[in-house]
Amino acid sequence: MSSLSSTSVLPPAAPASATATSTQSTLTQPQAAGVLRDIPRVLSIAGSDPSGGAGIQADLKSIAAHGGYGMAAITALTVQNTQGVRAVHVPPASFLARQLDAISDDITVDAVKIGMLGDADVMTAVRSWLVKVRPAVVVLDPVMVATSGDRLLAESAEAALQGLLPLADLITPNLAELAILLGEPQAGSWPEALEQGRRLAAATGATVLVKGGHLDGGDCPDALVNTGGVLSEEVVVVPGARIRTRNSHGTGCSLSSAMATTQARLGDWEASLRQVKPWLAAALEASAELEVGSGNGPIHHFHHVQQPQPGPADAGRTPPAPGDFADVLWAAAAPDLEAIYGLEFIQDLADGSLAEKHFAYYLAQDATYLNGYSRVLARASALAPTEAEQLFWARSAQQCLEVESELHRSWLSTRTTETVLGPVTKSYVDHLLAASASGSYAVLVAAVLPCFWLYAEVGKTLHAEFLAAGEPAAHPYAAWLRTYADEDFAAATRQAIAMADDAGRRGSEDERAAMILAFRQSCRFEVEFFDAPRLHA
């Protein structure tokens with residue numbers, strides 16, 4: 001357990017109102033400022049897509065997929081399908097205003113996602129409502145150009161849209177929209193896109209989500225940008241691989257509504273993005289399963305929910321055989337394990353060329369992580385259904401604290417390094433805390449398992465390579481590599497795998513799907529934790 005993974009770069013997110021500019025300071029108090037909810041009430045203010053792939057239809061699916069209660073106020077009616085937009089009708093803005101008032105008069109709105117607005121009158125109505133109600137989280141997706149290239153906002157309304165930007169906590173333009181908002185040519189590279197994100201963030205006071213989806217190449221990074229000190233750094237990059245598919249209809253809508261929902265639940269923009277991005281990547285990967293339309297099809301919002309099988313309810317189904325669910329989890333971990341072996345940090349640690357500052361950063365973050373991880377394991381002990389499992393997780397929690405103490409005494413005491421909470425470490429621990437707050441023992445066990453399983457596998461491989469090289473005495477990290485031969489930890493890992501497998505066998509189809517999702521997210525954090533020293537040391 002002495003090394004775990006995490007994500008990229010944000011401190012605990014300030015309340016949504018912390019991104020406010022002077023325009024916001026005159027507003028009334030938010031409806032529910034600073035209140036986090038397990039089931040956020042999220043309002044989509046957007047257009048309708050009759051084909052179901054974008055607009056409020058995509059928003060409501062995305063909100064539900066992230067555990068929110070979705071509501072919708074319709075700003076525009078479109079005639080479209082997967083091949084493109086044929087026509088747009090914008091109902092009177094006064095009718096939209098009545099929709100918004102009807103919702104906020106009766107229901108507390110925890111988060112708002114704003115999408116297609118159509119014309120200046122609609123924007124004025126939305127702005128007036130935001131000033132009056134002040135929802136705690138406002139995400140603005142400035143829908144101006146569809147993925148298909150169709151223009152969805154009259155040029156005459158662009159000035160009115162500029163007036164909405166300072167009221168948003170997060171703005172999520174695609175690259176074409178980012179350029180239009182700034183009155184500049186579209187960025188042709190990732191560095192250019194980040195610079196445009198900085199300029200928009202500085203002009204609005206909001207956090208800007210810069211998306212790399214429309215760039216060329218195999219990488220598809222996203223970045224949170226804020227110049228007002230809300231983030232620990234101005235630019236927080238979350239890397240990702242490009243998913244090769246033509247089915248990207250409604251991707252921007254789905255991402256922005258997922259961010260609104262997750263932020264209302266977690267209160268941390270980075271943690272939200274690191275939870276949403278893997279979900280979106282998997283939704284793109286699974287999009288072909290839907291077989292919707294002959295053009296630019298939709299993503300699969302509920303890819304993580306296994307379809308019910310024909311026949312009686314779960315109680316009448318045959319559970320997986322012993323070991324079968326563990327095999328499913330291991331298959332899910334394979335791409336991330338391969339990614340870990342390809343990291344510069346792992347390769348340099350193996351051959352002894354790792355920079356001392358990178359190793360020191362890794363140790364410091366490991367110690368910090370273990371403190372948080374021990375609390376999560378204690379929660380697993382409290383939720384465990386049997387005495388044996390309670391004892392196992394309780395002992396594991398104690399051992400985490402003992403290892404943390406040993407790291408400080410034997411390794412960190414001889415090194416000069418800051419022991420501040422790194423962005424990846426924080427995001428990983430936040431993810432585990434969210435799993436522990438779910439109340440599901442099975443999901444929590446799946447979330448904590450990669451710290452056992454992937455770490456054990458990587459350690460075993462590094463130790464074997466060290467032995468094969470003849471245990472060179474001059475290797476600067478020889479003492480550390482020898483710790484990977486700990487048979488007690490290998491035995492504990494086997495127990496943790498068996499307990500996760502057993503929890504999956506006892507669970508329903510839906511619970512197994514949730515376990516797989518939590519497990520995959522933790523696997524991704526393991527990759528990012530090993531890569532963090534290179535990025536942040």
# chains A, B, ... in the order shown; residues from 1 in each chain; ligands from 1
>>> residues_around(residues="Gln263 of chain A", least_positions_apart="3", cutoff="10 Å", atoms="only C-alpha atoms", output="list in words")
Ala13, Pro15, Ala16, Leu36, Arg37, Pro40, Asp110, Ala111, Ala136, Val137, Val138, Val139, Ser257, Ala258, Met259, Ala260, Leu266, Gly267, Asp268, Trp269, Glu270, Ala271, Ser272 and Leu273 of chain A
>>> residues_around(residues="Cys220 of chain A", least_positions_apart="3", cutoff="8 Å", atoms="only C-alpha atoms", output="mmCIF file with C-alpha atoms, in the first residue's frame")
data_model
loop_
_atom_site.group_PDB
_atom_site.id
_atom_site.type_symbol
_atom_site.label_atom_id
_atom_site.label_comp_id
_atom_site.auth_asym_id
_atom_site.auth_seq_id
_atom_site.Cartn_x
_atom_site.Cartn_y
_atom_site.Cartn_z
ATOM 1 C CA LYS A 211 -11.174 20.971 -24.212
ATOM 2 C CA GLY A 212 -8.775 19.286 -26.596
ATOM 3 C CA GLY A 213 -11.325 17.165 -28.400
ATOM 4 C CA LEU A 215 -7.437 19.033 -31.993
ATOM 5 C CA GLY A 217 -3.398 13.679 -32.537
ATOM 6 C CA PRO A 239 -4.615 14.130 -19.725
ATOM 7 C CA GLY A 240 -6.564 11.583 -21.703
ATOM 8 C CA ALA A 241 -6.431 9.455 -24.831
ATOM 9 C CA ARG A 242 -8.488 10.241 -27.895
#
>>> residues_around(residues="Ile45 of chain A", least_positions_apart="4", cutoff="7 Å", atoms="only C-alpha atoms", output="PyMOL selection string")
chain A and resi 72-75+113-115
>>> write_last_selection(atoms="N, CA, C and O atoms", output="mmCIF file, in the first residue's frame")
data_model
loop_
_atom_site.group_PDB
_atom_site.id
_atom_site.type_symbol
_atom_site.label_atom_id
_atom_site.label_comp_id
_atom_site.auth_asym_id
_atom_site.auth_seq_id
_atom_site.Cartn_x
_atom_site.Cartn_y
_atom_site.Cartn_z
ATOM 1 N N ALA A 72 -35.573 20.539 -16.438
ATOM 2 C CA ALA A 72 -35.254 21.202 -17.696
ATOM 3 C C ALA A 72 -36.207 22.353 -17.973
ATOM 4 O O ALA A 72 -37.416 22.226 -17.801
ATOM 5 N N ALA A 73 -35.646 23.473 -18.395
ATOM 6 C CA ALA A 73 -36.407 24.598 -18.936
ATOM 7 C C ALA A 73 -35.946 24.766 -20.375
ATOM 8 O O ALA A 73 -34.759 24.963 -20.644
ATOM 9 N N ILE A 74 -36.871 24.668 -21.315
ATOM 10 C CA ILE A 74 -36.523 24.584 -22.734
ATOM 11 C C ILE A 74 -36.446 25.979 -23.345
ATOM 12 O O ILE A 74 -37.403 26.759 -23.288
ATOM 13 N N THR A 75 -35.293 26.262 -23.937
ATOM 14 C CA THR A 75 -35.054 27.574 -24.543
ATOM 15 C C THR A 75 -35.335 27.599 -26.031
ATOM 16 O O THR A 75 -35.607 28.655 -26.599
ATOM 17 N N LYS A 113 -27.045 24.068 -15.370
ATOM 18 C CA LYS A 113 -26.266 23.962 -16.600
ATOM 19 C C LYS A 113 -27.001 24.778 -17.658
ATOM 20 O O LYS A 113 -28.193 24.578 -17.880
ATOM 21 N N ILE A 114 -26.320 25.703 -18.276
ATOM 22 C CA ILE A 114 -26.911 26.545 -19.316
ATOM 23 C C ILE A 114 -26.306 26.141 -20.652
ATOM 24 O O ILE A 114 -25.085 26.118 -20.807
ATOM 25 N N GLY A 115 -27.174 25.818 -21.610
ATOM 26 C CA GLY A 115 -26.720 25.423 -22.931
ATOM 27 C C GLY A 115 -27.204 26.380 -23.996
ATOM 28 O O GLY A 115 -27.043 27.600 -23.886
#
>>> select_by_dssp(residues="segment 98-302 of chain A", states="strand (DSSP E or B)", output="ChimeraX atom specification")
/A:111-114,137-140,145,151,170-171,207-211,219,222-225,235-238,241,249,298
>>> atom_distance(atom1="atom CA of Val305 of chain A", atom2="atom CA of Ala64 of chain A")
11.4 Å
>>> residues_around(residues="Ala491 of chain A", least_positions_apart="5", cutoff="12 Å", atoms="only C-alpha atoms", output="PyMOL selection string")
chain A and resi 392+396+452-453+456+485-486+496-498
>>> residues_around(residues="segment 339-341 of chain A", least_positions_apart="3", cutoff="9 Å", atoms="only C-alpha atoms", output="PyMOL selection string")
chain A and resi 334-336+344-347+458+526-528+530-531
>>> select_by_dssp(residues="segment 13-208 of chain A", states="alpha helix (DSSP H)", output="PyMOL selection string")
chain A and resi 55-65+93-106+120-133+158-164+175-182+190-204
>>> atom_distance(atom1="atom CA of Ala187 of chain A", atom2="atom CA of Gly229 of chain A")
24.7 Å
>>> residues_around(residues="Arg379 of chain A", least_positions_apart="4", cutoff="7 Å", atoms="only C-alpha atoms", output="ChimeraX atom specification")
/A:375,383,436
>>> write_last_selection(atoms="C-alpha atoms", output="PDB file, in the first residue's frame")
ATOM      1  CA  ARG A 375      -9.679   6.526   7.067  1.00  0.00           C
ATOM      2  CA  LEU A 383     -19.531  -1.406   6.586  1.00  0.00           C
ATOM      3  CA  SER A 436     -17.129   5.584   1.239  1.00  0.00           C
TER       4      SER A 436
END
>>> atom_distance(atom1="atom CA of Gly118 of chain A", atom2="atom CA of Leu284 of chain A")
27.3 Å
>>> residues_around(residues="segment 192-203 of chain A", least_positions_apart="2", cutoff="10 Å", atoms="only C-alpha atoms", output="PyMOL selection string")
chain A and resi 19+21+165-166+170-175+178-179+181-182+184+186-190+205-212+215+222-228+234-235+237
>>> closest_residue(among="A:Val443, A:Ala360, A:Ala87, A:Ile107", to="Ala380 of chain A", atoms="only C-alpha atoms")
A:Val443
>>> closest_residue(among="A:Asp351, A:Ala97, A:Leu117, A:Ala513", to="Gly47 of chain A", atoms="only C-alpha atoms")
A:Leu117
>>> closest_residue(among="A:Ala364, A:Ala474, A:Leu407, A:Ala514", to="Phe529 of chain A", atoms="only C-alpha atoms")
A:Ala364
>>> decode(residues="segment 458-484 of chain A", atoms="N, CA and C atoms", output="mmCIF file, in the first residue's frame")
data_model
loop_
_atom_site.group_PDB
_atom_site.id
_atom_site.type_symbol
_atom_site.label_atom_id
_atom_site.label_comp_id
_atom_site.auth_asym_id
_atom_site.auth_seq_id
_atom_site.Cartn_x
_atom_site.Cartn_y
_atom_site.Cartn_z
ATOM 1 N N VAL A 458 2.895 -4.065 -9.714
ATOM 2 C CA VAL A 458 4.024 -3.228 -10.129
ATOM 3 C C VAL A 458 5.240 -3.512 -9.248
ATOM 4 N N GLY A 459 5.013 -3.625 -7.945
ATOM 5 C CA GLY A 459 6.117 -3.921 -7.040
ATOM 6 C C GLY A 459 6.771 -5.254 -7.340
ATOM 7 N N LYS A 460 5.949 -6.262 -7.619
ATOM 8 C CA LYS A 460 6.490 -7.589 -7.938
ATOM 9 C C LYS A 460 7.361 -7.531 -9.196
ATOM 10 N N THR A 461 6.902 -6.794 -10.197
ATOM 11 C CA THR A 461 7.650 -6.687 -11.448
ATOM 12 C C THR A 461 8.961 -5.933 -11.241
ATOM 13 N N LEU A 462 8.927 -4.823 -10.516
ATOM 14 C CA LEU A 462 10.148 -4.050 -10.265
ATOM 15 C C LEU A 462 11.163 -4.857 -9.449
ATOM 16 N N HIS A 463 10.663 -5.595 -8.468
ATOM 17 C CA HIS A 463 11.578 -6.402 -7.649
ATOM 18 C C HIS A 463 12.208 -7.513 -8.481
ATOM 19 N N ALA A 464 11.410 -8.132 -9.346
ATOM 20 C CA ALA A 464 11.949 -9.200 -10.202
ATOM 21 C C ALA A 464 13.025 -8.650 -11.140
ATOM 22 N N GLU A 465 12.814 -7.462 -11.684
ATOM 23 C CA GLU A 465 13.812 -6.858 -12.578
ATOM 24 C C GLU A 465 15.084 -6.519 -11.801
ATOM 25 N N PHE A 466 14.912 -6.072 -10.559
ATOM 26 C CA PHE A 466 16.067 -5.751 -9.716
ATOM 27 C C PHE A 466 16.885 -7.006 -9.429
ATOM 28 N N LEU A 467 16.209 -8.108 -9.129
ATOM 29 C CA LEU A 467 16.912 -9.375 -8.890
ATOM 30 C C LEU A 467 17.593 -9.854 -10.156
ATOM 31 N N ALA A 468 16.904 -9.721 -11.304
ATOM 32 C CA ALA A 468 17.476 -10.180 -12.569
ATOM 33 C C ALA A 468 18.736 -9.402 -12.937
ATOM 34 N N ALA A 469 18.790 -8.138 -12.468
ATOM 35 C CA ALA A 469 19.972 -7.312 -12.743
ATOM 36 C C ALA A 469 21.110 -7.588 -11.767
ATOM 37 N N GLY A 470 20.913 -8.547 -10.857
ATOM 38 C CA GLY A 470 21.944 -8.900 -9.905
ATOM 39 C C GLY A 470 21.968 -8.061 -8.652
ATOM 40 N N GLU A 471 20.867 -7.402 -8.333
ATOM 41 C CA GLU A 471 20.764 -6.546 -7.150
ATOM 42 C C GLU A 471 21.956 -5.594 -7.037
ATOM 43 N N PRO A 472 22.165 -4.755 -8.057
ATOM 44 C CA PRO A 472 23.363 -3.890 -8.052
ATOM 45 C C PRO A 472 23.417 -3.013 -6.812
ATOM 46 N N ALA A 473 24.549 -3.059 -6.096
ATOM 47 C CA ALA A 473 24.698 -2.306 -4.849
ATOM 48 C C ALA A 473 24.687 -0.811 -5.088
ATOM 49 N N ALA A 474 25.095 -0.401 -6.295
ATOM 50 C CA ALA A 474 25.160 1.031 -6.600
ATOM 51 C C ALA A 474 23.801 1.620 -6.962
ATOM 52 N N HIS A 475 22.803 0.785 -7.066
ATOM 53 C CA HIS A 475 21.476 1.292 -7.420
ATOM 54 C C HIS A 475 20.988 2.221 -6.302
ATOM 55 N N PRO A 476 20.663 3.486 -6.599
ATOM 56 C CA PRO A 476 20.310 4.435 -5.536
ATOM 57 C C PRO A 476 19.021 4.094 -4.799
ATOM 58 N N TYR A 477 18.185 3.262 -5.410
ATOM 59 C CA TYR A 477 16.899 2.930 -4.782
ATOM 60 C C TYR A 477 16.805 1.447 -4.447
ATOM 61 N N ALA A 478 17.966 0.819 -4.243
ATOM 62 C CA ALA A 478 17.994 -0.618 -3.962
ATOM 63 C C ALA A 478 17.188 -0.955 -2.718
ATOM 64 N N ALA A 479 17.346 -0.177 -1.662
ATOM 65 C CA ALA A 479 16.622 -0.463 -0.420
ATOM 66 C C ALA A 479 15.118 -0.375 -0.622
ATOM 67 N N TRP A 480 14.680 0.581 -1.425
ATOM 68 C CA TRP A 480 13.246 0.716 -1.688
ATOM 69 C C TRP A 480 12.727 -0.457 -2.511
ATOM 70 N N LEU A 481 13.461 -0.838 -3.534
ATOM 71 C CA LEU A 481 13.020 -1.941 -4.391
ATOM 72 C C LEU A 481 12.921 -3.242 -3.599
ATOM 73 N N ARG A 482 13.762 -3.402 -2.588
ATOM 74 C CA ARG A 482 13.696 -4.631 -1.783
ATOM 75 C C ARG A 482 12.407 -4.690 -0.954
ATOM 76 N N THR A 483 11.818 -3.527 -0.656
ATOM 77 C CA THR A 483 10.562 -3.546 0.105
ATOM 78 C C THR A 483 9.425 -4.164 -0.689
ATOM 79 N N TYR A 484 9.578 -4.229 -2.010
ATOM 80 C CA TYR A 484 8.526 -4.798 -2.844
ATOM 81 C C TYR A 484 8.410 -6.315 -2.694
#
